[in-house]
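Dropping input16.tsv in here (TSV, C-alpha atoms):
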```
chain	number	residue	atom	x	y	z
A	1	GLY	CA	26.78	7.32	15.44
A	2	ILE	CA	25.94	8.91	12.08
A	3	TRP	CA	27.23	7.32	8.89
A	4	ARG	CA	27.20	8.23	5.21
A	5	GLY	CA	26.39	5.23	3.05
A	6	VAL	CA	27.02	5.09	-0.70
A	7	LEU	CA	25.59	2.63	-3.22
A	8	GLN	CA	27.83	2.43	-6.30
A	9	LEU	CA	25.36	2.33	-9.22
A	10	ASN	CA	28.05	2.42	-11.91
A	11	ASP	CA	31.66	3.54	-12.32
A	12	SER	CA	30.77	7.23	-12.01
A	13	THR	CA	27.41	7.33	-10.22
A	14	GLU	CA	26.99	7.16	-6.45
A	15	LEU	CA	23.73	7.12	-4.53
A	16	PRO	CA	24.29	8.45	-1.01
A	17	PHE	CA	22.11	8.27	2.09
A	18	ASN	CA	22.62	8.67	5.82
A	19	PHE	CA	21.95	6.27	8.65
A	20	GLU	CA	22.61	6.05	12.35
A	21	ILE	CA	23.87	3.07	14.33
A	22	ILE	CA	22.44	3.07	17.84
A	23	LYS	CA	23.57	0.80	20.67
A	24	THR	CA	20.73	-0.87	22.56
A	25	ALA	CA	20.70	-2.94	25.74
A	26	GLN	CA	20.90	-6.17	23.73
A	27	SER	CA	22.77	-5.22	20.57
A	28	PHE	CA	22.62	-2.48	17.92
A	29	ARG	CA	20.08	-1.12	15.46
A	30	MET	CA	20.34	0.81	12.21
A	31	GLU	CA	18.07	3.78	11.46
A	32	ILE	CA	17.93	4.81	7.79
A	33	ILE	CA	17.27	8.56	7.48
A	34	ASN	CA	15.15	10.13	4.72
A	35	VAL	CA	14.17	13.71	5.64
A	36	ASN	CA	12.15	13.26	8.86
A	37	GLU	CA	11.52	9.53	8.35
A	38	ARG	CA	13.56	6.88	10.13
A	39	ILE	CA	13.35	3.26	9.01
A	40	ILE	CA	14.49	1.03	11.86
A	41	ALA	CA	16.41	-2.16	11.10
A	42	ASP	CA	17.01	-4.13	14.28
A	43	GLU	CA	18.19	-7.47	12.86
A	44	LEU	CA	21.97	-6.95	12.98
A	45	THR	CA	24.26	-10.00	13.16
A	46	PHE	CA	28.00	-9.87	13.85
A	47	LYS	CA	30.31	-12.70	12.77
A	48	ALA	CA	34.06	-12.10	13.25
A	49	ASP	CA	34.81	-8.99	11.14
A	50	SER	CA	31.50	-9.13	9.28
A	51	LEU	CA	28.15	-7.39	9.83
A	52	PHE	CA	24.84	-8.57	8.32
A	53	ILE	CA	21.88	-6.18	8.39
A	54	LYS	CA	18.44	-7.54	7.46
A	55	MET	CA	15.97	-4.89	6.30
A	56	PRO	CA	12.82	-4.70	8.47
A	57	ILE	CA	10.09	-5.02	5.83
A	58	PHE	CA	11.60	-5.73	2.45
A	59	ASP	CA	13.47	-8.86	1.42
A	60	SER	CA	16.96	-7.34	1.27
A	61	GLU	CA	20.09	-7.12	3.39
A	62	PHE	CA	23.56	-5.62	3.72
A	63	ARG	CA	26.54	-8.00	3.93
A	64	LEU	CA	29.47	-5.93	5.17
A	65	LYS	CA	33.04	-6.06	6.41
A	66	ILE	CA	33.90	-3.89	9.42
A	67	MET	CA	37.01	-1.78	8.84
A	68	ASP	CA	37.70	0.58	11.77
A	69	THR	CA	35.67	3.69	10.74
A	70	ALA	CA	34.30	2.22	7.52
A	71	LEU	CA	32.00	-0.52	6.28
A	72	THR	CA	32.37	-2.15	2.86
A	73	GLY	CA	30.41	-4.85	1.08
A	74	ASN	CA	27.13	-5.22	-0.80
A	75	TRP	CA	23.43	-4.50	-0.58
A	76	ILE	CA	21.43	-7.42	-1.95
A	77	ASN	CA	17.78	-7.01	-2.94
A	78	TYR	CA	16.39	-10.55	-3.00
A	79	ALA	CA	13.06	-9.35	-4.42
A	80	ARG	CA	14.85	-8.78	-7.73
A	81	GLN	CA	16.17	-11.56	-9.94
A	82	ASN	CA	18.51	-9.37	-12.01
A	83	ASP	CA	20.90	-6.58	-11.01
A	84	ASN	CA	20.05	-7.25	-7.37
A	85	THR	CA	23.52	-6.72	-5.86
A	86	ILE	CA	25.03	-3.24	-5.49
A	87	ALA	CA	28.46	-2.44	-4.05
A	88	PHE	CA	28.22	-0.43	-0.82
A	89	LYS	CA	30.54	1.52	1.43
A	90	ALA	CA	29.95	3.70	4.47
A	91	ILE	CA	32.07	6.24	6.34
A	92	TYR	CA	31.60	6.96	10.04
A	93	ASN	CA	30.79	10.43	11.41
A	94	GLU	CA	29.78	11.98	8.08
A	95	PRO	CA	26.35	13.67	8.38
A	96	LYS	CA	26.27	15.14	4.86
A	97	ARG	CA	24.27	13.24	2.25
A	98	PHE	CA	25.94	14.91	-0.74
A	99	ILE	CA	29.47	16.24	-0.29
A	100	THR	CA	29.43	19.78	-1.72
A	101	THR	CA	30.87	23.24	-1.15
A	102	ASN	CA	27.34	24.61	-1.08
A	103	ASN	CA	26.95	27.99	0.60
A	104	SER	CA	23.57	28.89	-0.88
A	105	THR	CA	21.14	31.00	1.16
A	106	LEU	CA	18.20	30.26	-1.18
A	107	LYS	CA	14.89	29.70	0.60
A	108	THR	CA	11.98	28.90	-1.67
A	109	LYS	CA	9.34	26.33	-2.57
A	110	GLU	CA	8.86	25.21	-6.16
A	111	ARG	CA	6.32	23.11	-8.03
A	112	TRP	CA	7.19	21.58	-11.39
A	113	LYS	CA	5.49	19.82	-14.26
A	114	VAL	CA	7.76	16.87	-14.95
A	115	ILE	CA	7.99	14.54	-17.95
A	116	PHE	CA	9.90	11.29	-17.54
A	117	GLU	CA	11.19	9.53	-20.66
A	118	PRO	CA	10.21	12.54	-22.85
A	119	ASN	CA	9.46	11.96	-26.53
A	120	THR	CA	9.33	8.17	-26.16
A	121	LYS	CA	6.48	5.64	-26.08
A	122	ASN	CA	7.14	5.27	-22.34
A	123	GLU	CA	6.64	8.98	-21.58
A	124	TYR	CA	4.73	9.74	-18.37
A	125	SER	CA	3.92	12.82	-16.34
A	126	SER	CA	4.67	13.76	-12.76
A	127	VAL	CA	4.44	16.66	-10.34
A	128	GLY	CA	7.60	17.63	-8.49
A	129	GLU	CA	7.29	19.66	-5.29
A	130	PHE	CA	10.44	20.70	-3.46
A	131	ASN	CA	11.55	23.00	-0.68
A	132	PHE	CA	14.95	24.66	-0.93
A	133	ASN	CA	16.46	25.92	2.31
A	134	ASN	CA	20.07	27.13	2.44
A	135	GLY	CA	21.06	24.73	-0.31
A	136	LYS	CA	19.21	21.72	1.09
A	137	ALA	CA	16.46	20.22	-1.08
A	138	THR	CA	13.57	18.11	0.21
A	139	GLY	CA	10.37	16.96	-1.46
A	140	THR	CA	9.12	14.28	-3.84
A	141	PHE	CA	7.86	13.45	-7.31
A	142	THR	CA	4.23	12.31	-7.55
A	143	THR	CA	3.10	10.16	-10.48
A	144	GLU	CA	-0.25	8.60	-11.37
A	145	THR	CA	0.88	5.35	-9.76
A	146	GLY	CA	2.23	6.80	-6.51
A	147	ASP	CA	5.07	8.92	-5.19
A	148	TYR	CA	8.84	8.47	-4.84
A	149	ARG	CA	8.61	8.97	-1.06
A	150	TYR	CA	11.00	11.14	0.95
A	151	LEU	CA	13.69	12.64	-1.29
A	152	GLU	CA	16.54	14.61	0.24
A	153	GLY	CA	19.59	16.33	-1.21
A	154	VAL	CA	21.02	19.63	-2.40
A	155	LEU	CA	20.90	22.36	-5.00
A	156	ASP	CA	24.59	23.12	-5.52
A	157	LYS	CA	25.60	25.75	-8.09
A	158	GLY	CA	22.62	24.90	-10.25
A	159	LYS	CA	22.98	21.12	-9.91
A	160	PHE	CA	19.99	19.42	-8.29
A	161	MET	CA	20.67	16.09	-6.54
A	162	VAL	CA	18.25	14.16	-4.31
A	163	SER	CA	18.11	10.54	-3.19
A	164	CYS	CA	16.13	8.04	-1.14
A	165	PHE	CA	16.87	4.59	0.22
A	166	ASP	CA	14.18	2.60	2.02
A	167	GLY	CA	15.43	-0.98	1.97
A	168	ALA	CA	13.65	-1.91	-1.26
A	169	HIS	CA	14.27	0.97	-3.64
A	170	ALA	CA	17.33	3.11	-4.18
A	171	PHE	CA	16.39	6.33	-5.99
A	172	LEU	CA	18.72	9.02	-7.31
A	173	PHE	CA	17.54	12.10	-9.23
A	174	THR	CA	19.95	14.64	-10.71
A	175	ALA	CA	19.52	17.63	-13.04
A	176	TYR	CA	20.84	21.06	-13.89
A	177	LYS	CA	18.52	23.89	-12.89
A	178	ARG	CA	18.17	27.10	-14.84
A	179	ILE	CA	15.99	30.07	-13.89
A	180	ASP	CA	12.66	28.28	-14.19
A	181	SER	CA	13.44	24.83	-15.53
A	182	LEU	CA	15.39	21.65	-15.08
A	183	ILE	CA	17.29	20.21	-18.01
A	184	ASN	CA	19.24	17.00	-18.60
A	185	GLY	CA	17.50	15.32	-15.69
A	186	GLN	CA	18.51	11.75	-14.85
A	187	PHE	CA	16.73	9.19	-12.69
A	188	TYR	CA	18.39	6.02	-11.43
A	189	SER	CA	16.47	3.26	-9.68
A	190	GLY	CA	19.23	1.02	-8.39
A	191	LYS	CA	21.33	-0.46	-11.18
A	192	HIS	CA	18.40	-1.84	-13.15
A	193	SER	CA	16.62	1.30	-14.36
A	194	TYR	CA	17.65	4.63	-15.88
A	195	GLU	CA	15.36	7.35	-17.23
A	196	LYS	CA	15.74	10.90	-18.51
A	197	TRP	CA	13.41	13.66	-17.38
A	198	VAL	CA	12.69	17.35	-17.93
A	199	ALA	CA	10.68	19.84	-15.89
A	200	VAL	CA	9.39	23.40	-15.90
A	201	GLN	CA	7.94	25.55	-13.16
A	202	ASN	CA	4.16	25.06	-13.11
A	203	ASP	CA	1.83	25.80	-10.21
A	204	THR	CA	-1.39	24.57	-11.84
A	205	PHE	CA	-0.55	21.31	-13.64
A	206	GLU	CA	-2.43	18.29	-12.25
A	207	LEU	CA	-2.27	14.57	-12.92
A	208	ARG	CA	-5.34	12.60	-13.95
A	209	ASP	CA	-7.89	11.76	-11.26
A	210	PRO	CA	-6.71	8.55	-9.48
A	211	GLU	CA	-10.36	7.52	-9.05
A	212	LYS	CA	-10.90	7.36	-12.83
A	213	LEU	CA	-7.90	5.33	-14.03
A	214	THR	CA	-9.09	1.87	-13.01
A	215	TYR	CA	-12.78	1.02	-13.28
A	216	LEU	CA	-15.28	-1.80	-13.77
A	217	LYS	CA	-15.72	-2.98	-17.35
A	218	ASP	CA	-19.41	-3.39	-16.48
A	219	SER	CA	-20.65	-0.98	-13.84
A	220	LYS	CA	-23.08	-3.61	-12.56
A	221	SER	CA	-20.39	-6.23	-11.94
A	222	THR	CA	-19.50	-7.41	-8.46
A	223	LEU	CA	-16.01	-8.28	-7.27
A	224	ASN	CA	-15.15	-11.78	-6.12
A	225	PHE	CA	-12.00	-13.77	-5.46
A	226	SER	CA	-10.72	-16.81	-3.55
A	227	PHE	CA	-7.10	-17.00	-2.35
A	228	LYS	CA	-5.26	-18.57	0.58
A	229	ASN	CA	-4.43	-16.50	3.64
A	230	LEU	CA	-1.13	-16.60	5.53
A	231	GLU	CA	-2.25	-19.75	7.36
A	232	GLY	CA	-3.15	-21.54	4.12
A	233	THR	CA	-6.93	-21.26	4.52
A	234	THR	CA	-8.93	-20.24	1.44
A	235	VAL	CA	-10.75	-16.93	1.90
A	236	SER	CA	-13.42	-15.62	-0.48
A	237	LEU	CA	-15.16	-12.28	-0.65
A	238	THR	CA	-18.46	-14.21	-0.44
A	239	ASP	CA	-17.56	-15.52	3.05
A	240	LYS	CA	-19.95	-14.73	5.88
A	241	ARG	CA	-17.47	-12.41	7.61
A	242	PHE	CA	-17.77	-9.90	4.72
A	243	LYS	CA	-21.58	-9.97	4.46
A	244	ASN	CA	-23.24	-6.61	5.15
A	245	LYS	CA	-19.83	-5.06	5.75
A	246	VAL	CA	-18.02	-2.18	4.09
A	247	VAL	CA	-14.91	-3.77	2.59
A	248	ILE	CA	-11.61	-2.24	1.47
A	249	VAL	CA	-9.68	-4.49	-0.91
A	250	GLN	CA	-6.00	-3.53	-1.09
A	251	LEU	CA	-4.03	-4.75	-4.13
A	252	MET	CA	-0.47	-4.69	-2.82
A	253	GLY	CA	2.93	-6.31	-2.59
A	254	SER	CA	5.39	-6.54	0.28
A	255	TRP	CA	8.12	-5.26	-2.09
A	256	CYS	CA	6.27	-1.99	-2.79
A	257	PRO	CA	7.20	1.15	-0.77
A	258	ASN	CA	3.88	2.90	-1.53
A	259	CYS	CA	2.11	-0.25	-0.31
A	260	MET	CA	4.16	0.01	2.87
A	261	ASP	CA	2.89	3.55	3.42
A	262	GLU	CA	-0.70	2.50	2.69
A	263	THR	CA	-0.47	-0.52	4.99
A	264	LYS	CA	0.76	1.71	7.81
A	265	PHE	CA	-2.31	3.92	7.28
A	266	LEU	CA	-4.79	1.06	6.86
A	267	ALA	CA	-3.56	-0.82	9.95
A	268	LYS	CA	-4.60	2.02	12.25
A	269	PHE	CA	-7.70	2.76	10.17
A	270	TYR	CA	-8.86	-0.86	10.51
A	271	ASP	CA	-8.43	-0.87	14.29
A	272	GLN	CA	-10.58	2.26	14.49
A	273	TYR	CA	-13.40	1.27	12.12
A	274	GLN	CA	-13.57	-2.54	12.23
A	275	PRO	CA	-15.82	-2.45	15.33
A	276	LYS	CA	-18.16	-0.20	13.32
A	277	GLY	CA	-18.53	-2.63	10.40
A	278	LEU	CA	-15.40	-2.27	8.24
A	279	GLU	CA	-13.34	-5.15	6.86
A	280	ILE	CA	-10.06	-4.89	4.99
A	281	VAL	CA	-8.38	-7.60	2.95
A	282	GLY	CA	-5.00	-7.28	1.29
A	283	LEU	CA	-4.38	-9.20	-1.94
A	284	ALA	CA	-0.62	-9.74	-2.11
A	285	PHE	CA	1.03	-9.84	-5.54
A	286	GLU	CA	4.54	-10.92	-4.65
A	287	ARG	CA	7.67	-11.06	-6.80
A	288	THR	CA	7.73	-14.83	-6.37
A	289	SER	CA	5.22	-17.61	-7.01
A	290	ASP	CA	6.65	-19.58	-4.04
A	291	PHE	CA	3.79	-19.61	-1.51
A	292	ASN	CA	5.94	-20.06	1.60
A	293	LYS	CA	8.36	-17.30	0.59
A	294	SER	CA	5.42	-15.00	-0.16
A	295	VAL	CA	3.93	-15.76	3.26
A	296	ALA	CA	7.24	-14.93	4.96
A	297	ASN	CA	7.56	-11.60	3.15
A	298	VAL	CA	3.97	-10.49	3.75
A	299	THR	CA	4.15	-11.59	7.40
A	300	ARG	CA	7.13	-9.25	7.93
A	301	LEU	CA	5.07	-6.35	6.59
A	302	LYS	CA	2.00	-7.34	8.62
A	303	ASN	CA	3.97	-7.64	11.85
A	304	ARG	CA	5.97	-4.45	11.33
A	305	PHE	CA	2.80	-2.33	11.22
A	306	ASN	CA	0.77	-4.51	13.58
A	307	ALA	CA	-1.89	-4.91	10.89
A	308	HIS	CA	-4.79	-7.03	12.13
A	309	TYR	CA	-6.64	-7.38	8.85
A	310	GLU	CA	-6.46	-10.37	6.48
A	311	PHE	CA	-3.77	-10.78	3.82
A	312	LEU	CA	-4.17	-13.28	0.99
A	313	ILE	CA	-1.45	-14.70	-1.26
A	314	THR	CA	-2.60	-14.50	-4.88
A	315	GLY	CA	0.31	-16.41	-6.42
A	316	LYS	CA	0.44	-13.67	-9.06
A	317	THR	CA	3.53	-11.51	-9.51
A	318	ASP	CA	2.80	-8.38	-11.55
A	319	ALA	CA	0.18	-5.89	-12.74
A	320	ASN	CA	-0.68	-7.92	-15.85
A	321	GLN	CA	-1.39	-10.99	-13.76
A	322	ALA	CA	-3.36	-8.82	-11.31
A	323	SER	CA	-5.58	-7.78	-14.20
A	324	GLU	CA	-6.05	-11.45	-15.10
A	325	ALA	CA	-6.91	-12.32	-11.49
A	326	LEU	CA	-9.55	-9.56	-11.39
A	327	PRO	CA	-11.01	-9.59	-14.92
A	328	ILE	CA	-13.94	-7.31	-14.05
A	329	LEU	CA	-11.45	-4.38	-13.98
A	330	ASN	CA	-10.32	-2.57	-17.12
A	331	LYS	CA	-6.71	-2.91	-15.93
A	332	VAL	CA	-4.50	-2.80	-12.86
A	333	MET	CA	-1.84	-0.19	-13.54
A	334	ALA	CA	-0.36	0.32	-10.07
A	335	PHE	CA	0.35	-1.17	-6.70
A	336	PRO	CA	-1.34	-0.31	-4.51
A	337	THR	CA	-4.80	-0.10	-6.04
A	338	THR	CA	-7.62	0.24	-3.52
A	339	ILE	CA	-11.19	-0.97	-4.10
A	340	ILE	CA	-13.97	0.14	-1.75
A	341	ILE	CA	-17.14	-1.97	-1.60
A	342	ASP	CA	-20.37	-1.04	0.19
A	343	LYS	CA	-22.57	-3.23	2.41
A	344	LYS	CA	-24.56	-4.46	-0.59
A	345	GLY	CA	-21.45	-5.68	-2.38
A	346	ARG	CA	-21.30	-2.84	-4.87
A	347	VAL	CA	-17.96	-1.36	-5.90
A	348	ARG	CA	-18.22	2.31	-4.96
A	349	LYS	CA	-14.68	3.58	-5.53
A	350	ILE	CA	-11.39	2.40	-7.07
A	351	TYR	CA	-8.27	4.41	-6.24
A	352	THR	CA	-5.10	3.90	-8.29
A	353	GLY	CA	-1.77	4.36	-6.49
A	354	PHE	CA	-1.22	5.98	-3.11
A	355	TYR	CA	0.04	9.41	-2.16
A	356	GLY	CA	2.05	8.82	1.00
A	357	PRO	CA	3.19	11.11	3.82
A	358	ALA	CA	6.02	12.53	1.69
A	359	THR	CA	3.42	14.30	-0.48
A	360	GLY	CA	2.24	16.46	2.44
A	361	ASN	CA	-1.12	18.01	1.58
A	362	LYS	CA	-2.03	15.25	-0.91
A	363	TYR	CA	-1.66	12.65	1.82
A	364	ASP	CA	-3.67	14.73	4.30
A	365	GLN	CA	-6.45	15.17	1.72
A	366	TYR	CA	-6.49	11.44	0.96
A	367	VAL	CA	-6.81	10.54	4.65
A	368	GLU	CA	-9.61	13.06	5.17
A	369	GLN	CA	-11.56	12.08	2.04
A	370	THR	CA	-11.20	8.35	2.67
A	371	THR	CA	-12.31	8.72	6.28
A	372	LEU	CA	-15.39	10.73	5.32
A	373	PHE	CA	-16.30	8.28	2.53
A	374	ILE	CA	-15.99	5.18	4.75
A	375	GLU	CA	-18.01	6.83	7.50
A	376	LYS	CA	-20.71	7.64	4.93
A	377	LEU	CA	-20.82	4.01	3.71
A	378	LEU	CA	-21.00	2.68	7.26
A	379	LYS	CA	-24.09	4.77	7.88
A	380	GLU	CA	-25.90	3.57	4.74
```

Any chance you could put this one into structure tokens?
Amino acid sequence: GIWRGVLQLNDSTELPFNFEIIKTAQSFRMEIINVNERIIADELTFKADSLFIKMPIFDSEFRLKIMDTALTGNWINYARQNDNTIAFKAIYNEPKRFITTNNSTLKTKERWKVIFEPNTKNEYSSVGEFNFNNGKATGTFTTETGDYRYLEGVLDKGKFMVSCFDGAHAFLFTAYKRIDSLINGQFYSGKHSYEKWVAVQNDTFELRDPEKLTYLKDSKSTLNFSFKNLEGTTVSLTDKRFKNKVVIVQLMGSWCPNCMDETKFLAKFYDQYQPKGLEIVGLAFERTSDFNKSVANVTRLKNRFNAHYEFLITGKTDANQASEALPILNKVMAFPTTIIIDKKGRVRKIYTGFYGPATGNKYDQYVEQTTLFIEKLLKE
């Protein structure tokens, strides 16, 4: 049935989300609910009074004690070295995400200009787009490096609260809403990150063009790399299989939710266009330099989305090291970053970040524009 799970971020801050436990012919599965998305975890292990739930893509798990109509224990995110364990509890038959006395009949859609970490050296901009329907709030924040995926919550007596849990990231946004603005906004990412934010209603504000943030230092340069694939074989962009092909190079990590969304898109895209001359190769920047552990994590992602294209393990772990691995680029500022190369080996487009399905129209536009651009290159 339906459960309400709560991650205890600190003494006074709870991050709630809903999930459903479904009995199958063989065992049980857990479906994490974020708006209309369901993330299926089917690796559930029972031992005496304990339940262990392995997340389907990301390297994390729940270790829980079964207590009649409750579950208690911890969520452990193995992709993190610090602050990777968060206390967790869940109550059976509670469909509400946030427990409120909300009786609002507000129905509206709002678009905000958002500033995270205002008036600091770490300040960055975002666009917030949310639907409010009888007190329920759904939408997302989009930044220049990606989006915060499916956020769901409430607007209760002026207090805005939305959350998301996807097995890798636990996001909680709160704020107080006045007539046309949000003040005293707070953003928690698990226990390890806290930021302030402010926002005002703005229907015209736009972020910088994602195709202009990362670029070649020398426009005449050509991209090249050599890394081992999941079987341990060295693969280079100069290999025969890539000659006279349109190539998409995906800079990604198995720990990255936006990379998960992009991989889901690219897996189907590859199956459709590979027979027409497209190749895709994913360069994995994992949170560990252990090759075998990296292979295991990327293989989970590859298998989950039935992705038939090549993934390579770079041995690098962050954006700075990604920039070092690909020195022809001015910088790598986000995962994913997508590089499109034509049949002659020329870099034709570099796209920073990924706007996933939670962004609605932005995602639809990205799919349409990418499809048209690849089809154009295939005809050249």

Kindly provide the residues of stretch 314-361 of chain A that approach stretch 293-298 of chain A to within 12 Å, each paired with its closest atom pair and their distance in Å to one decimal, based on all atoms listed in the file, listed by chain and increasing number, as a tab-separated table.
```
residue	atom	partner	partner_atom	distance
A:Thr314	CA	A:Ser294	CA	9.3
A:Gly315	CA	A:Ser294	CA	8.2
A:Lys316	CA	A:Ser294	CA	10.3
A:Thr317	CA	A:Ser294	CA	10.2
```

Write out as a list of chain:residue names each polymer residue whose atoms come within 6 Å of A:Val235, counting only C-alpha atoms; drop sequence neighbours fewer than 6 positions from it.
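Everything that qualifies: A:Ser226, A:Phe227, A:Lys228.
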
So which residues touch A:Arg304 within 7 Å, counting only C-alpha atoms, skipping near sequence neighbours fewer than 3 positions away, as a list of chain:residue names?
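Close residues of A:Arg304: A:Ile57, A:Arg300, A:Leu301.
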
What is the distance, in Å and to one decimal place, between atom CA of A:Glu152 and atom CA of A:Trp197?
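It comes out at 17.9 Å.
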
Need the shell around stretch 252-265 of chain A: protein/DNA/RNA residues with any atom at most 7 Å away, counting all atoms listed in the file. Skip same-chain ones fewer than 4 positions apart. Format as a PyMOL selection string?
chain A and resi 58+79+146+168+269+282-286+297-298+301+305+335-336+354+356

Please, could you write that set of residues out with C-alpha atoms as a PDB file, in the frame of the given file?
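Output file out-v7.pdb is given in full below:
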```
ATOM      1  CA  PHE A  58      11.600  -5.730   2.450  1.00  0.00           C
ATOM      2  CA  ALA A  79      13.060  -9.350  -4.420  1.00  0.00           C
ATOM      3  CA  GLY A 146       2.230   6.800  -6.510  1.00  0.00           C
ATOM      4  CA  ALA A 168      13.650  -1.910  -1.260  1.00  0.00           C
ATOM      5  CA  PHE A 269      -7.700   2.760  10.170  1.00  0.00           C
ATOM      6  CA  GLY A 282      -5.000  -7.280   1.290  1.00  0.00           C
ATOM      7  CA  LEU A 283      -4.380  -9.200  -1.940  1.00  0.00           C
ATOM      8  CA  ALA A 284      -0.620  -9.740  -2.110  1.00  0.00           C
ATOM      9  CA  PHE A 285       1.030  -9.840  -5.540  1.00  0.00           C
ATOM     10  CA  GLU A 286       4.540 -10.920  -4.650  1.00  0.00           C
ATOM     11  CA  ASN A 297       7.560 -11.600   3.150  1.00  0.00           C
ATOM     12  CA  VAL A 298       3.970 -10.490   3.750  1.00  0.00           C
ATOM     13  CA  LEU A 301       5.070  -6.350   6.590  1.00  0.00           C
ATOM     14  CA  PHE A 305       2.800  -2.330  11.220  1.00  0.00           C
ATOM     15  CA  PHE A 335       0.350  -1.170  -6.700  1.00  0.00           C
ATOM     16  CA  PRO A 336      -1.340  -0.310  -4.510  1.00  0.00           C
ATOM     17  CA  PHE A 354      -1.220   5.980  -3.110  1.00  0.00           C
ATOM     18  CA  GLY A 356       2.050   8.820   1.000  1.00  0.00           C
TER      19      GLY A 356
END
```
